[in-house]
Amino acid sequence: MRHIAVIDIGKTNAKVGVVDAVLGTEIDMATQPNAVLAEPPYPHYDIEGLWSFIAGALARQNGTYGIDAISIATHGASIVLLDGDGNLAAPMLDYEFAGPDDLSADYDAMRPDFQETGSPRLSLGLNVGAQIHWQLRRDARLLDRVASVVTYPQYWSFRLTGATHTEVTSLGAHTDLWNPQARRFSSLVGRLGIADKMAPAQVAAKCINQLKPEIAALTGLQAGIPVASGIHDSNASLYPYLLALKSAFSVVSTGTWVISFAVGGQKTTLSPERDTLLNVNAFGDPVPSARFMGGREFDMVMKEGERHASVEDVSRVLSNQIQLYPALDPLSGPFQGKRAGWSVDETTLSDGERYAAASFYLALVTSQCLDLIGADGPTIVEGPFARNGLFMRMLEAATGRIAQGSKVSTTGTGLGAALLVSDTLKNPVEQPDKHAVCEPNPSYLAYARSWFDRVGTRQS
């Protein structure tokens, strides 16, 4: 097994990559925007458009490399309702659609409490249970049409293999549908009337099916090749580290969302009001986590501006305490409800100054996330923020712990998903340097302390 295709559906972009198990790197990538169709009955994902893209990419990549196995990772906060013929019983709702908020009071009265699910109450459709509740209420015949409920990665594995599953990493991503401690569906599935429709829950690290013949004929792939059931994308990023590291560590997965995981950290009480929660890892174990929409916030700040800063830009931002305060997205993260603002007139800033201040902002919010989940040991940053030196240096200053960019040559999502299905792919995760010492630059440390004084929150 050498060439593993990874279907990776993010909130912003859909990708199909090829991971070379011998080289331990990603050698091909097809990508297209993940479109939301703003048309009746409500904003929904272009599932058939995605399927055409996936099938075409697999066919091309198979023709070039020969695909030996397939794995899948997708964004969370999503569910698919299937009818008896395996078609969509209803379009897959966009989790940023505000419709479910119309029934907030009704839903709040029926959802389990945080102690059962480890899932905070979120707005829009970020709680999958709220999506389903809203869909069932607006369409009285929907429940009768639904034969099976599957989590989103498992929808794509269903298209490829015909097997219907739910899976614990997606169920554990603030859906309200899972009890992480008891490792079973929550009481909400009964209250929604879907207990007999939930596809069996599987553990990502243990569930592999086979490509069905008709998809092999469509794409040119060999029938019967292994297809992993799939995994929540942030948990895919975490998976290589779970396999390789034994002492306490944390992983920060960056992209549209910044998701922080604390493994083997200090005991702490999670706070749903601060957007901390229990995720569930690829082995089914609960993991203290925190999140905010950092990539989206960064784009909001930078717009079309140049994304780099000179030494002079950084010096001015540090010495003049040019600071951005939370929360640009007030509906997620540890500073929900706070109103964003600048310490200076924003219009006076150069692109470089804006970039430096935005990078520091993201690091400081991330450090607060890590503190809230009891993170200990080194912090490993995966994704685009790992290449931002300003972010990394400020994260070290704010946490007082070593921060290192992932050494994984492919994306963490792609590698983690590929490891689910490959026995030959070498895990390139390196053990942290036991002798490394965190020595923050005094200017960065002073900036971090000033920022936390201003936002009214200090780290423990």
# chains A, B, ... in the order shown; residues from 1 in each chain; ligands from 1

$ select_by_dssp --residues "region 93-182 of chain A" --states "strand (DSSP E or B)" --output "list in words"
Leu93, Ser148, Val149, Val150, Thr151, Thr166, Glu167, Trp178 and Asn179 of chain A

$ write_last_selection --atoms "N, CA and C atoms" --output "PDB file, in the first residue's frame"
ATOM      1  N   LEU A  93     -27.755  20.855   5.779  1.00  0.00           N
ATOM      2  CA  LEU A  93     -27.829  22.252   6.198  1.00  0.00           C
ATOM      3  C   LEU A  93     -26.443  22.826   6.486  1.00  0.00           C
ATOM      4  N   SER A 148     -31.841   6.571   7.916  1.00  0.00           N
ATOM      5  CA  SER A 148     -30.542   6.449   8.578  1.00  0.00           C
ATOM      6  C   SER A 148     -29.928   7.821   8.751  1.00  0.00           C
ATOM      7  N   VAL A 149     -29.288   8.046   9.898  1.00  0.00           N
ATOM      8  CA  VAL A 149     -28.565   9.281  10.190  1.00  0.00           C
ATOM      9  C   VAL A 149     -27.089   8.936  10.275  1.00  0.00           C
ATOM     10  N   VAL A 150     -26.262   9.613   9.451  1.00  0.00           N
ATOM     11  CA  VAL A 150     -24.820   9.349   9.454  1.00  0.00           C
ATOM     12  C   VAL A 150     -24.071  10.656   9.674  1.00  0.00           C
ATOM     13  N   THR A 151     -22.917  10.562  10.302  1.00  0.00           N
ATOM     14  CA  THR A 151     -22.051  11.727  10.451  1.00  0.00           C
ATOM     15  C   THR A 151     -21.379  12.015   9.104  1.00  0.00           C
ATOM     16  N   THR A 166     -22.102   6.010  12.013  1.00  0.00           N
ATOM     17  CA  THR A 166     -21.666   7.251  12.631  1.00  0.00           C
ATOM     18  C   THR A 166     -20.296   6.972  13.237  1.00  0.00           C
ATOM     19  N   GLU A 167     -19.612   8.029  13.657  1.00  0.00           N
ATOM     20  CA  GLU A 167     -18.250   7.830  14.173  1.00  0.00           C
ATOM     21  C   GLU A 167     -17.994   8.813  15.292  1.00  0.00           C
ATOM     22  N   TRP A 178     -23.808  12.884  21.732  1.00  0.00           N
ATOM     23  CA  TRP A 178     -22.908  11.849  22.233  1.00  0.00           C
ATOM     24  C   TRP A 178     -22.583  12.083  23.698  1.00  0.00           C
ATOM     25  N   ASN A 179     -22.482  11.011  24.446  1.00  0.00           N
ATOM     26  CA  ASN A 179     -22.045  11.052  25.839  1.00  0.00           C
ATOM     27  C   ASN A 179     -20.612  10.513  25.877  1.00  0.00           C
TER      28      ASN A 179
END

$ residues_around --residues "region 386-402 of chain A" --least-positions-apart "4" --cutoff "8 Å" --atoms "only C-alpha atoms" --output "list in words"
Ala356, Ser359, Phe360, Leu362, Ala363, Leu364, Thr366, Ser367, Asp371, Asp376, Gly377, Pro378, Thr379, Val381, Glu382, Ser406, Ala436, Val437, Cys438, Glu439, Pro440, Asn441, Tyr444, Leu445, Ala448 and Arg449 of chain A

$ closest_residue --among "A:Met302, A:Ala140, A:Cys369, A:Ala89" --to "Ser250 (chain A)" --atoms "only C-alpha atoms"
A:Cys369

$ select_by_dssp --residues "region 67-249 of chain A" --states "helix (DSSP H, G or I)" --output "PDB file with N, CA and C atoms, in the first residue's frame"
ATOM      1  N   GLY A  99     -31.165  29.741  10.931  1.00  0.00           N
ATOM      2  CA  GLY A  99     -32.510  29.211  11.129  1.00  0.00           C
ATOM      3  C   GLY A  99     -32.725  28.495  12.444  1.00  0.00           C
ATOM      4  N   PRO A 100     -31.818  27.602  12.868  1.00  0.00           N
ATOM      5  CA  PRO A 100     -32.042  26.893  14.136  1.00  0.00           C
ATOM      6  C   PRO A 100     -32.202  27.812  15.341  1.00  0.00           C
ATOM      7  N   ASP A 101     -31.662  29.034  15.270  1.00  0.00           N
ATOM      8  CA  ASP A 101     -31.819  29.963  16.389  1.00  0.00           C
ATOM      9  C   ASP A 101     -33.276  30.355  16.612  1.00  0.00           C
ATOM     10  N   ASP A 102     -34.113  30.214  15.576  1.00  0.00           N
ATOM     11  CA  ASP A 102     -35.536  30.554  15.729  1.00  0.00           C
ATOM     12  C   ASP A 102     -36.233  29.657  16.749  1.00  0.00           C
ATOM     13  N   LEU A 103     -35.690  28.480  16.968  1.00  0.00           N
ATOM     14  CA  LEU A 103     -36.295  27.531  17.906  1.00  0.00           C
ATOM     15  C   LEU A 103     -35.413  27.310  19.126  1.00  0.00           C
ATOM     16  N   SER A 104     -34.606  28.314  19.473  1.00  0.00           N
ATOM     17  CA  SER A 104     -33.639  28.167  20.562  1.00  0.00           C
ATOM     18  C   SER A 104     -34.293  27.770  21.877  1.00  0.00           C
ATOM     19  N   ALA A 105     -35.383  28.418  22.213  1.00  0.00           N
ATOM     20  CA  ALA A 105     -36.017  28.135  23.500  1.00  0.00           C
ATOM     21  C   ALA A 105     -36.504  26.695  23.569  1.00  0.00           C
ATOM     22  N   ASP A 106     -37.125  26.231  22.498  1.00  0.00           N
ATOM     23  CA  ASP A 106     -37.608  24.852  22.469  1.00  0.00           C
ATOM     24  C   ASP A 106     -36.442  23.876  22.569  1.00  0.00           C
ATOM     25  N   TYR A 107     -35.374  24.169  21.821  1.00  0.00           N
ATOM     26  CA  TYR A 107     -34.251  23.249  21.821  1.00  0.00           C
ATOM     27  C   TYR A 107     -33.545  23.245  23.176  1.00  0.00           C
ATOM     28  N   ASP A 108     -33.381  24.419  23.768  1.00  0.00           N
ATOM     29  CA  ASP A 108     -32.711  24.492  25.065  1.00  0.00           C
ATOM     30  C   ASP A 108     -33.443  23.684  26.128  1.00  0.00           C
ATOM     31  N   ALA A 109     -34.749  23.588  25.988  1.00  0.00           N
ATOM     32  CA  ALA A 109     -35.542  22.845  26.973  1.00  0.00           C
ATOM     33  C   ALA A 109     -35.350  21.333  26.851  1.00  0.00           C
ATOM     34  N   MET A 110     -34.866  20.858  25.712  1.00  0.00           N
ATOM     35  CA  MET A 110     -34.762  19.420  25.506  1.00  0.00           C
ATOM     36  C   MET A 110     -33.324  18.911  25.470  1.00  0.00           C
ATOM     37  N   PHE A 114     -24.394  20.040  30.011  1.00  0.00           N
ATOM     38  CA  PHE A 114     -22.979  19.932  29.660  1.00  0.00           C
ATOM     39  C   PHE A 114     -22.319  18.735  30.326  1.00  0.00           C
ATOM     40  N   GLN A 115     -22.759  18.380  31.520  1.00  0.00           N
ATOM     41  CA  GLN A 115     -22.149  17.264  32.241  1.00  0.00           C
ATOM     42  C   GLN A 115     -22.349  15.949  31.500  1.00  0.00           C
ATOM     43  N   GLU A 116     -23.430  15.819  30.744  1.00  0.00           N
ATOM     44  CA  GLU A 116     -23.670  14.583  30.000  1.00  0.00           C
ATOM     45  C   GLU A 116     -22.896  14.547  28.693  1.00  0.00           C
ATOM     46  N   THR A 117     -22.879  15.650  27.967  1.00  0.00           N
ATOM     47  CA  THR A 117     -22.351  15.627  26.596  1.00  0.00           C
ATOM     48  C   THR A 117     -20.975  16.259  26.443  1.00  0.00           C
ATOM     49  N   VAL A 128     -25.256  20.072  16.261  1.00  0.00           N
ATOM     50  CA  VAL A 128     -25.983  19.282  15.265  1.00  0.00           C
ATOM     51  C   VAL A 128     -27.391  18.950  15.741  1.00  0.00           C
ATOM     52  N   GLY A 129     -27.540  18.720  17.040  1.00  0.00           N
ATOM     53  CA  GLY A 129     -28.878  18.452  17.556  1.00  0.00           C
ATOM     54  C   GLY A 129     -29.852  19.572  17.250  1.00  0.00           C
ATOM     55  N   ALA A 130     -29.378  20.819  17.311  1.00  0.00           N
ATOM     56  CA  ALA A 130     -30.240  21.966  16.993  1.00  0.00           C
ATOM     57  C   ALA A 130     -30.626  21.964  15.517  1.00  0.00           C
ATOM     58  N   GLN A 131     -29.690  21.557  14.663  1.00  0.00           N
ATOM     59  CA  GLN A 131     -30.013  21.439  13.233  1.00  0.00           C
ATOM     60  C   GLN A 131     -31.149  20.446  13.016  1.00  0.00           C
ATOM     61  N   ILE A 132     -30.981  19.255  13.589  1.00  0.00           N
ATOM     62  CA  ILE A 132     -31.974  18.201  13.379  1.00  0.00           C
ATOM     63  C   ILE A 132     -33.326  18.624  13.943  1.00  0.00           C
ATOM     64  N   HIS A 133     -33.323  19.210  15.137  1.00  0.00           N
ATOM     65  CA  HIS A 133     -34.569  19.679  15.746  1.00  0.00           C
ATOM     66  C   HIS A 133     -35.277  20.666  14.832  1.00  0.00           C
ATOM     67  N   TRP A 134     -34.536  21.624  14.299  1.00  0.00           N
ATOM     68  CA  TRP A 134     -35.123  22.635  13.414  1.00  0.00           C
ATOM     69  C   TRP A 134     -35.639  22.007  12.128  1.00  0.00           C
ATOM     70  N   GLN A 135     -34.880  21.090  11.544  1.00  0.00           N
ATOM     71  CA  GLN A 135     -35.306  20.450  10.300  1.00  0.00           C
ATOM     72  C   GLN A 135     -36.575  19.627  10.504  1.00  0.00           C
ATOM     73  N   LEU A 136     -36.642  18.895  11.610  1.00  0.00           N
ATOM     74  CA  LEU A 136     -37.827  18.084  11.872  1.00  0.00           C
ATOM     75  C   LEU A 136     -39.055  18.944  12.137  1.00  0.00           C
ATOM     76  N   ARG A 137     -38.863  20.082  12.780  1.00  0.00           N
ATOM     77  CA  ARG A 137     -40.003  20.960  13.079  1.00  0.00           C
ATOM     78  C   ARG A 137     -40.523  21.672  11.830  1.00  0.00           C
ATOM     79  N   ARG A 138     -39.640  22.035  10.909  1.00  0.00           N
ATOM     80  CA  ARG A 138     -40.074  22.773   9.712  1.00  0.00           C
ATOM     81  C   ARG A 138     -40.649  21.844   8.647  1.00  0.00           C
ATOM     82  N   LEU A 142     -40.486  14.830   7.423  1.00  0.00           N
ATOM     83  CA  LEU A 142     -39.086  14.467   7.297  1.00  0.00           C
ATOM     84  C   LEU A 142     -38.750  13.216   8.098  1.00  0.00           C
ATOM     85  N   LEU A 143     -39.229  13.129   9.328  1.00  0.00           N
ATOM     86  CA  LEU A 143     -38.875  11.991  10.170  1.00  0.00           C
ATOM     87  C   LEU A 143     -39.276  10.676   9.519  1.00  0.00           C
ATOM     88  N   ASP A 144     -40.422  10.670   8.845  1.00  0.00           N
ATOM     89  CA  ASP A 144     -40.855   9.447   8.168  1.00  0.00           C
ATOM     90  C   ASP A 144     -39.958   9.094   6.986  1.00  0.00           C
ATOM     91  N   ARG A 145     -39.362  10.114   6.355  1.00  0.00           N
ATOM     92  CA  ARG A 145     -38.498   9.852   5.205  1.00  0.00           C
ATOM     93  C   ARG A 145     -37.119   9.358   5.625  1.00  0.00           C
ATOM     94  N   TYR A 152     -20.832  13.240   8.964  1.00  0.00           N
ATOM     95  CA  TYR A 152     -20.459  13.712   7.636  1.00  0.00           C
ATOM     96  C   TYR A 152     -19.325  12.924   6.966  1.00  0.00           C
ATOM     97  N   PRO A 153     -18.203  12.629   7.650  1.00  0.00           N
ATOM     98  CA  PRO A 153     -17.193  11.807   6.963  1.00  0.00           C
ATOM     99  C   PRO A 153     -17.765  10.467   6.515  1.00  0.00           C
ATOM    100  N   GLN A 154     -18.663   9.925   7.339  1.00  0.00           N
ATOM    101  CA  GLN A 154     -19.216   8.617   7.045  1.00  0.00           C
ATOM    102  C   GLN A 154     -20.237   8.663   5.899  1.00  0.00           C
ATOM    103  N   TYR A 155     -20.751   9.849   5.589  1.00  0.00           N
ATOM    104  CA  TYR A 155     -21.581   9.950   4.384  1.00  0.00           C
ATOM    105  C   TYR A 155     -20.741   9.646   3.150  1.00  0.00           C
ATOM    106  N   TRP A 156     -19.530  10.226   3.104  1.00  0.00           N
ATOM    107  CA  TRP A 156     -18.684   9.997   1.934  1.00  0.00           C
ATOM    108  C   TRP A 156     -18.190   8.554   1.893  1.00  0.00           C
ATOM    109  N   SER A 157     -17.911   7.940   3.034  1.00  0.00           N
ATOM    110  CA  SER A 157     -17.534   6.525   3.002  1.00  0.00           C
ATOM    111  C   SER A 157     -18.733   5.672   2.587  1.00  0.00           C
ATOM    112  N   PHE A 158     -19.943   6.101   2.931  1.00  0.00           N
ATOM    113  CA  PHE A 158     -21.138   5.403   2.456  1.00  0.00           C
ATOM    114  C   PHE A 158     -21.232   5.471   0.936  1.00  0.00           C
ATOM    115  N   ARG A 159     -20.959   6.648   0.361  1.00  0.00           N
ATOM    116  CA  ARG A 159     -20.992   6.762  -1.097  1.00  0.00           C
ATOM    117  C   ARG A 159     -19.974   5.825  -1.743  1.00  0.00           C
ATOM    118  N   LEU A 160     -18.858   5.613  -1.083  1.00  0.00           N
ATOM    119  CA  LEU A 160     -17.783   4.797  -1.640  1.00  0.00           C
ATOM    120  C   LEU A 160     -17.952   3.306  -1.373  1.00  0.00           C
ATOM    121  N   THR A 161     -18.549   2.957  -0.234  1.00  0.00           N
ATOM    122  CA  THR A 161     -18.570   1.554   0.180  1.00  0.00           C
ATOM    123  C   THR A 161     -19.960   0.979   0.389  1.00  0.00           C
ATOM    124  N   VAL A 168     -17.225   8.386  16.302  1.00  0.00           N
ATOM    125  CA  VAL A 168     -17.209   9.098  17.572  1.00  0.00           C
ATOM    126  C   VAL A 168     -16.503  10.445  17.521  1.00  0.00           C
ATOM    127  N   THR A 169     -15.499  10.655  16.650  1.00  0.00           N
ATOM    128  CA  THR A 169     -14.856  11.970  16.628  1.00  0.00           C
ATOM    129  C   THR A 169     -15.815  13.040  16.119  1.00  0.00           C
ATOM    130  N   SER A 170     -16.641  12.698  15.148  1.00  0.00           N
ATOM    131  CA  SER A 170     -17.637  13.662  14.657  1.00  0.00           C
ATOM    132  C   SER A 170     -18.794  13.801  15.629  1.00  0.00           C
ATOM    133  N   LEU A 171     -19.229  12.705  16.231  1.00  0.00           N
ATOM    134  CA  LEU A 171     -20.288  12.780  17.235  1.00  0.00           C
ATOM    135  C   LEU A 171     -19.852  13.603  18.436  1.00  0.00           C
ATOM    136  N   LEU A 188     -30.414  12.859  24.026  1.00  0.00           N
ATOM    137  CA  LEU A 188     -31.089  13.707  23.049  1.00  0.00           C
ATOM    138  C   LEU A 188     -31.619  12.914  21.864  1.00  0.00           C
ATOM    139  N   VAL A 189     -30.931  11.854  21.457  1.00  0.00           N
ATOM    140  CA  VAL A 189     -31.396  11.138  20.270  1.00  0.00           C
ATOM    141  C   VAL A 189     -32.789  10.560  20.495  1.00  0.00           C
ATOM    142  N   GLY A 190     -33.078  10.127  21.715  1.00  0.00           N
ATOM    143  CA  GLY A 190     -34.427   9.656  22.021  1.00  0.00           C
ATOM    144  C   GLY A 190     -35.432  10.785  22.012  1.00  0.00           C
ATOM    145  N   ARG A 191     -35.056  11.937  22.545  1.00  0.00           N
ATOM    146  CA  ARG A 191     -35.982  13.071  22.593  1.00  0.00           C
ATOM    147  C   ARG A 191     -36.296  13.600  21.193  1.00  0.00           C
ATOM    148  N   LEU A 192     -35.332  13.461  20.293  1.00  0.00           N
ATOM    149  CA  LEU A 192     -35.570  13.880  18.916  1.00  0.00           C
ATOM    150  C   LEU A 192     -36.352  12.842  18.119  1.00  0.00           C
ATOM    151  N   ALA A 204     -12.928   5.594  14.838  1.00  0.00           N
ATOM    152  CA  ALA A 204     -12.216   5.857  13.581  1.00  0.00           C
ATOM    153  C   ALA A 204     -11.009   4.951  13.392  1.00  0.00           C
ATOM    154  N   ALA A 205     -10.280   4.683  14.457  1.00  0.00           N
ATOM    155  CA  ALA A 205      -9.050   3.912  14.334  1.00  0.00           C
ATOM    156  C   ALA A 205      -9.291   2.437  14.036  1.00  0.00           C
ATOM    157  N   LYS A 206     -10.546   2.014  14.062  1.00  0.00           N
ATOM    158  CA  LYS A 206     -10.817   0.576  13.925  1.00  0.00           C
ATOM    159  C   LYS A 206     -11.822   0.233  12.822  1.00  0.00           C
ATOM    160  N   PRO A 213     -17.912  -2.124  -6.170  1.00  0.00           N
ATOM    161  CA  PRO A 213     -17.564  -2.272  -7.588  1.00  0.00           C
ATOM    162  C   PRO A 213     -18.034  -1.134  -8.478  1.00  0.00           C
ATOM    163  N   GLU A 214     -19.221  -0.598  -8.241  1.00  0.00           N
ATOM    164  CA  GLU A 214     -19.715   0.459  -9.131  1.00  0.00           C
ATOM    165  C   GLU A 214     -18.895   1.740  -9.028  1.00  0.00           C
ATOM    166  N   ILE A 215     -18.331   2.019  -7.847  1.00  0.00           N
ATOM    167  CA  ILE A 215     -17.454   3.189  -7.717  1.00  0.00           C
ATOM    168  C   ILE A 215     -16.100   2.897  -8.348  1.00  0.00           C
ATOM    169  N   ALA A 216     -15.655   1.663  -8.238  1.00  0.00           N
ATOM    170  CA  ALA A 216     -14.422   1.277  -8.923  1.00  0.00           C
ATOM    171  C   ALA A 216     -14.581   1.456 -10.427  1.00  0.00           C
ATOM    172  N   ALA A 217     -15.731   1.065 -10.964  1.00  0.00           N
ATOM    173  CA  ALA A 217     -15.967   1.219 -12.398  1.00  0.00           C
ATOM    174  C   ALA A 217     -16.028   2.689 -12.798  1.00  0.00           C
ATOM    175  N   LEU A 218     -16.597   3.521 -11.942  1.00  0.00           N
ATOM    176  CA  LEU A 218     -16.717   4.951 -12.226  1.00  0.00           C
ATOM    177  C   LEU A 218     -15.369   5.651 -12.243  1.00  0.00           C
ATOM    178  N   THR A 219     -14.481   5.271 -11.336  1.00  0.00           N
ATOM    179  CA  THR A 219     -13.224   5.999 -11.139  1.00  0.00           C
ATOM    180  C   THR A 219     -12.003   5.295 -11.721  1.00  0.00           C
ATOM    181  N   ASP A 233     -11.942  16.352  10.997  1.00  0.00           N
ATOM    182  CA  ASP A 233     -10.640  16.819  10.497  1.00  0.00           C
ATOM    183  C   ASP A 233      -9.663  17.233  11.592  1.00  0.00           C
ATOM    184  N   SER A 234     -10.128  17.931  12.615  1.00  0.00           N
ATOM    185  CA  SER A 234      -9.200  18.326  13.680  1.00  0.00           C
ATOM    186  C   SER A 234      -8.672  17.117  14.440  1.00  0.00           C
ATOM    187  N   ASN A 235      -9.493  16.103  14.594  1.00  0.00           N
ATOM    188  CA  ASN A 235      -9.027  14.882  15.238  1.00  0.00           C
ATOM    189  C   ASN A 235      -8.071  14.100  14.353  1.00  0.00           C
ATOM    190  N   ALA A 236      -8.194  14.276  13.040  1.00  0.00           N
ATOM    191  CA  ALA A 236      -7.198  13.690  12.146  1.00  0.00           C
ATOM    192  C   ALA A 236      -5.834  14.312  12.406  1.00  0.00           C
ATOM    193  N   SER A 237      -5.801  15.615  12.654  1.00  0.00           N
ATOM    194  CA  SER A 237      -4.543  16.294  12.967  1.00  0.00           C
ATOM    195  C   SER A 237      -3.946  15.798  14.280  1.00  0.00           C
ATOM    196  N   LEU A 238      -4.806  15.457  15.218  1.00  0.00           N
ATOM    197  CA  LEU A 238      -4.343  14.978  16.521  1.00  0.00           C
ATOM    198  C   LEU A 238      -3.822  13.539  16.465  1.00  0.00           C
ATOM    199  N   TYR A 239      -4.362  12.734  15.585  1.00  0.00           N
ATOM    200  CA  TYR A 239      -4.107  11.291  15.586  1.00  0.00           C
ATOM    201  C   TYR A 239      -2.627  10.909  15.502  1.00  0.00           C
ATOM    202  N   PRO A 240      -1.823  11.503  14.613  1.00  0.00           N
ATOM    203  CA  PRO A 240      -0.400  11.111  14.567  1.00  0.00           C
ATOM    204  C   PRO A 240       0.317  11.311  15.893  1.00  0.00           C
ATOM    205  N   TYR A 241      -0.069  12.349  16.640  1.00  0.00           N
ATOM    206  CA  TYR A 241       0.588  12.632  17.919  1.00  0.00           C
ATOM    207  C   TYR A 241       0.143  11.650  19.001  1.00  0.00           C
ATOM    208  N   LEU A 242      -1.111  11.222  18.949  1.00  0.00           N
ATOM    209  CA  LEU A 242      -1.569  10.201  19.890  1.00  0.00           C
ATOM    210  C   LEU A 242      -0.789   8.910  19.707  1.00  0.00           C
ATOM    211  N   LEU A 243      -0.448   8.596  18.460  1.00  0.00           N
ATOM    212  CA  LEU A 243       0.308   7.383  18.178  1.00  0.00           C
ATOM    213  C   LEU A 243       1.762   7.496  18.624  1.00  0.00           C
ATOM    214  N   ALA A 244       2.331   8.710  18.561  1.00  0.00           N
ATOM    215  CA  ALA A 244       3.781   8.870  18.737  1.00  0.00           C
ATOM    216  C   ALA A 244       4.206   9.351  20.116  1.00  0.00           C
TER     217      ALA A 244
END

$ atom_distance --atom1 "CA of Ser319 (chain A)" --atom2 "CA of Ala446 (chain A)"
9.5 Å

$ residues_around --residues "His3 (chain A)" --least-positions-apart "3" --cutoff "8 Å" --atoms "only C-alpha atoms" --output "JSON, numbers by chain"
{"A": [18, 19, 20, 21, 65, 66, 67, 68, 69]}

$ write_last_selection --atoms "N, CA and C atoms" --output "tab-separated table (two decimals), in the first residue's frame"
chain	number	residue	atom	x	y	z
A	18	VAL	N	-3.10	13.02	-2.32
A	18	VAL	CA	-2.47	11.70	-2.37
A	18	VAL	C	-1.27	11.71	-1.44
A	19	VAL	N	-1.27	10.82	-0.46
A	19	VAL	CA	-0.15	10.66	0.46
A	19	VAL	C	0.67	9.46	0.01
A	20	ASP	N	1.95	9.68	-0.18
A	20	ASP	CA	2.88	8.61	-0.55
A	20	ASP	C	3.41	7.99	0.74
A	21	ALA	N	3.07	6.73	0.97
A	21	ALA	CA	3.44	6.08	2.23
A	21	ALA	C	4.94	5.84	2.34
A	65	TYR	N	-1.04	7.69	-10.33
A	65	TYR	CA	-0.24	7.03	-9.29
A	65	TYR	C	-0.67	5.58	-9.02
A	66	GLY	N	-1.96	5.30	-9.21
A	66	GLY	CA	-2.50	4.04	-8.74
A	66	GLY	C	-2.85	4.17	-7.27
A	67	ILE	N	-4.12	4.29	-6.96
A	67	ILE	CA	-4.56	4.50	-5.58
A	67	ILE	C	-4.78	3.15	-4.91
A	68	ASP	N	-4.16	2.97	-3.75
A	68	ASP	CA	-4.21	1.69	-3.03
A	68	ASP	C	-5.21	1.69	-1.89
A	69	ALA	N	-5.62	2.86	-1.42
A	69	ALA	CA	-6.55	2.97	-0.30
A	69	ALA	C	-7.09	4.39	-0.26

$ atom_distance --atom1 "CA of Gly295 (chain A)" --atom2 "CA of Ala357 (chain A)"
14.4 Å

$ atom_distance --atom1 "CA of Asn87 (chain A)" --atom2 "CA of Leu420 (chain A)"
26.9 Å

$ residues_around --residues "region 35-46 of chain A" --least-positions-apart "6" --cutoff "10 Å" --atoms "only C-alpha atoms" --output "PyMOL selection string"
chain A and resi 11-14+90-99+135+138

$ closest_residue --among "A:Gly125, A:Gly405, A:Gly416, A:Gly76" --to "Glu430 (chain A)" --atoms "only C-alpha atoms"
A:Gly405

$ closest_residue --among "A:Gly305, A:Gly412, A:Gly333, A:Gly24" --to "Gly352 (chain A)" --atoms "only C-alpha atoms"
A:Gly305

$ closest_atom_pairs --of "region 196-264 of chain A" --to "region 421-425 of chain A" --cutoff "10 Å" --atoms "only C-alpha atoms" --output "CSV"
residue,atom,partner,partner_atom,distance
A:Ala204,CA,A:Val421,CA,9.8
A:Ala205,CA,A:Val421,CA,8.3
A:Lys206,CA,A:Val421,CA,9.1
A:Cys207,CA,A:Val421,CA,8.9
A:Ile208,CA,A:Val421,CA,7.1
A:Asn209,CA,A:Val421,CA,9.8
A:Pro226,CA,A:Val421,CA,7.1
A:Val227,CA,A:Val421,CA,7.1
A:Ala228,CA,A:Val421,CA,5.7
A:Ser229,CA,A:Val421,CA,9.2
A:Gly230,CA,A:Val421,CA,9.5

$ write_last_selection --atoms "N, CA and C atoms" --output "compact mmCIF listing (two decimals), in the first residue's frame"
# COMPACT_ATOMS: atom_id res chain seq x y z
N ALA A 204 -12.93 5.59 14.84
CA ALA A 204 -12.22 5.86 13.58
C ALA A 204 -11.01 4.95 13.39
N ALA A 205 -10.28 4.68 14.46
CA ALA A 205 -9.05 3.91 14.33
C ALA A 205 -9.29 2.44 14.04
N LYS A 206 -10.55 2.01 14.06
CA LYS A 206 -10.82 0.58 13.93
C LYS A 206 -11.82 0.23 12.82
N CYS A 207 -12.22 1.20 12.01
CA CYS A 207 -13.31 0.94 11.07
C CYS A 207 -12.85 1.15 9.63
N ILE A 208 -12.74 0.06 8.89
CA ILE A 208 -12.34 0.09 7.48
C ILE A 208 -13.30 -0.77 6.68
N ASN A 209 -13.75 -0.25 5.54
CA ASN A 209 -14.63 -0.97 4.65
C ASN A 209 -13.94 -1.12 3.29
N PRO A 226 -9.17 -0.82 0.49
CA PRO A 226 -9.64 -0.35 1.80
C PRO A 226 -10.09 1.11 1.76
N VAL A 227 -11.18 1.39 2.47
CA VAL A 227 -11.69 2.75 2.63
C VAL A 227 -11.95 2.96 4.12
N ALA A 228 -11.20 3.87 4.74
CA ALA A 228 -11.45 4.18 6.14
C ALA A 228 -12.82 4.83 6.29
N SER A 229 -13.51 4.50 7.36
CA SER A 229 -14.83 5.09 7.60
C SER A 229 -14.77 6.60 7.69
N GLY A 230 -13.64 7.15 8.18
CA GLY A 230 -13.48 8.60 8.21
C GLY A 230 -13.39 9.17 9.61

$ closest_residue --among "A:His165, A:Lys212, A:Arg316, A:His308" --to "Ile231 (chain A)" --atoms "only C-alpha atoms"
A:His165

$ closest_residue --among "A:Ala77, A:Ile9, A:Leu278, A:Val301" --to "Thr347 (chain A)" --atoms "only C-alpha atoms"
A:Val301

$ residues_around --residues "region 283-294 of chain A" --least-positions-apart "4" --cutoff "6 Å" --atoms "only C-alpha atoms" --output "PyMOL selection string"
chain A and resi 180+203+205+256-262+275-279+332-333+369+373

$ residues_around --residues "Ser343 (chain A)" --least-positions-apart "3" --cutoff "10 Å" --atoms "only C-alpha atoms" --output "list in words"
Asn320, Gln321, Ile322, Gln323, Leu324, Tyr325, Glu346, Trp451 and Arg454 of chain A

$ decode --residues "region 374-378 of chain A" --atoms "C-alpha atoms" --output "mmCIF file, in the first residue's frame"
data_model
loop_
_atom_site.group_PDB
_atom_site.id
_atom_site.type_symbol
_atom_site.label_atom_id
_atom_site.label_comp_id
_atom_site.auth_asym_id
_atom_site.auth_seq_id
_atom_site.Cartn_x
_atom_site.Cartn_y
_atom_site.Cartn_z
ATOM 1 C CA GLY A 374 -5.259 22.513 31.396
ATOM 2 C CA ALA A 375 -2.651 22.138 28.671
ATOM 3 C CA ASP A 376 0.794 21.031 29.774
ATOM 4 C CA GLY A 377 4.028 20.109 28.042
ATOM 5 C CA PRO A 378 5.007 21.274 24.555
#
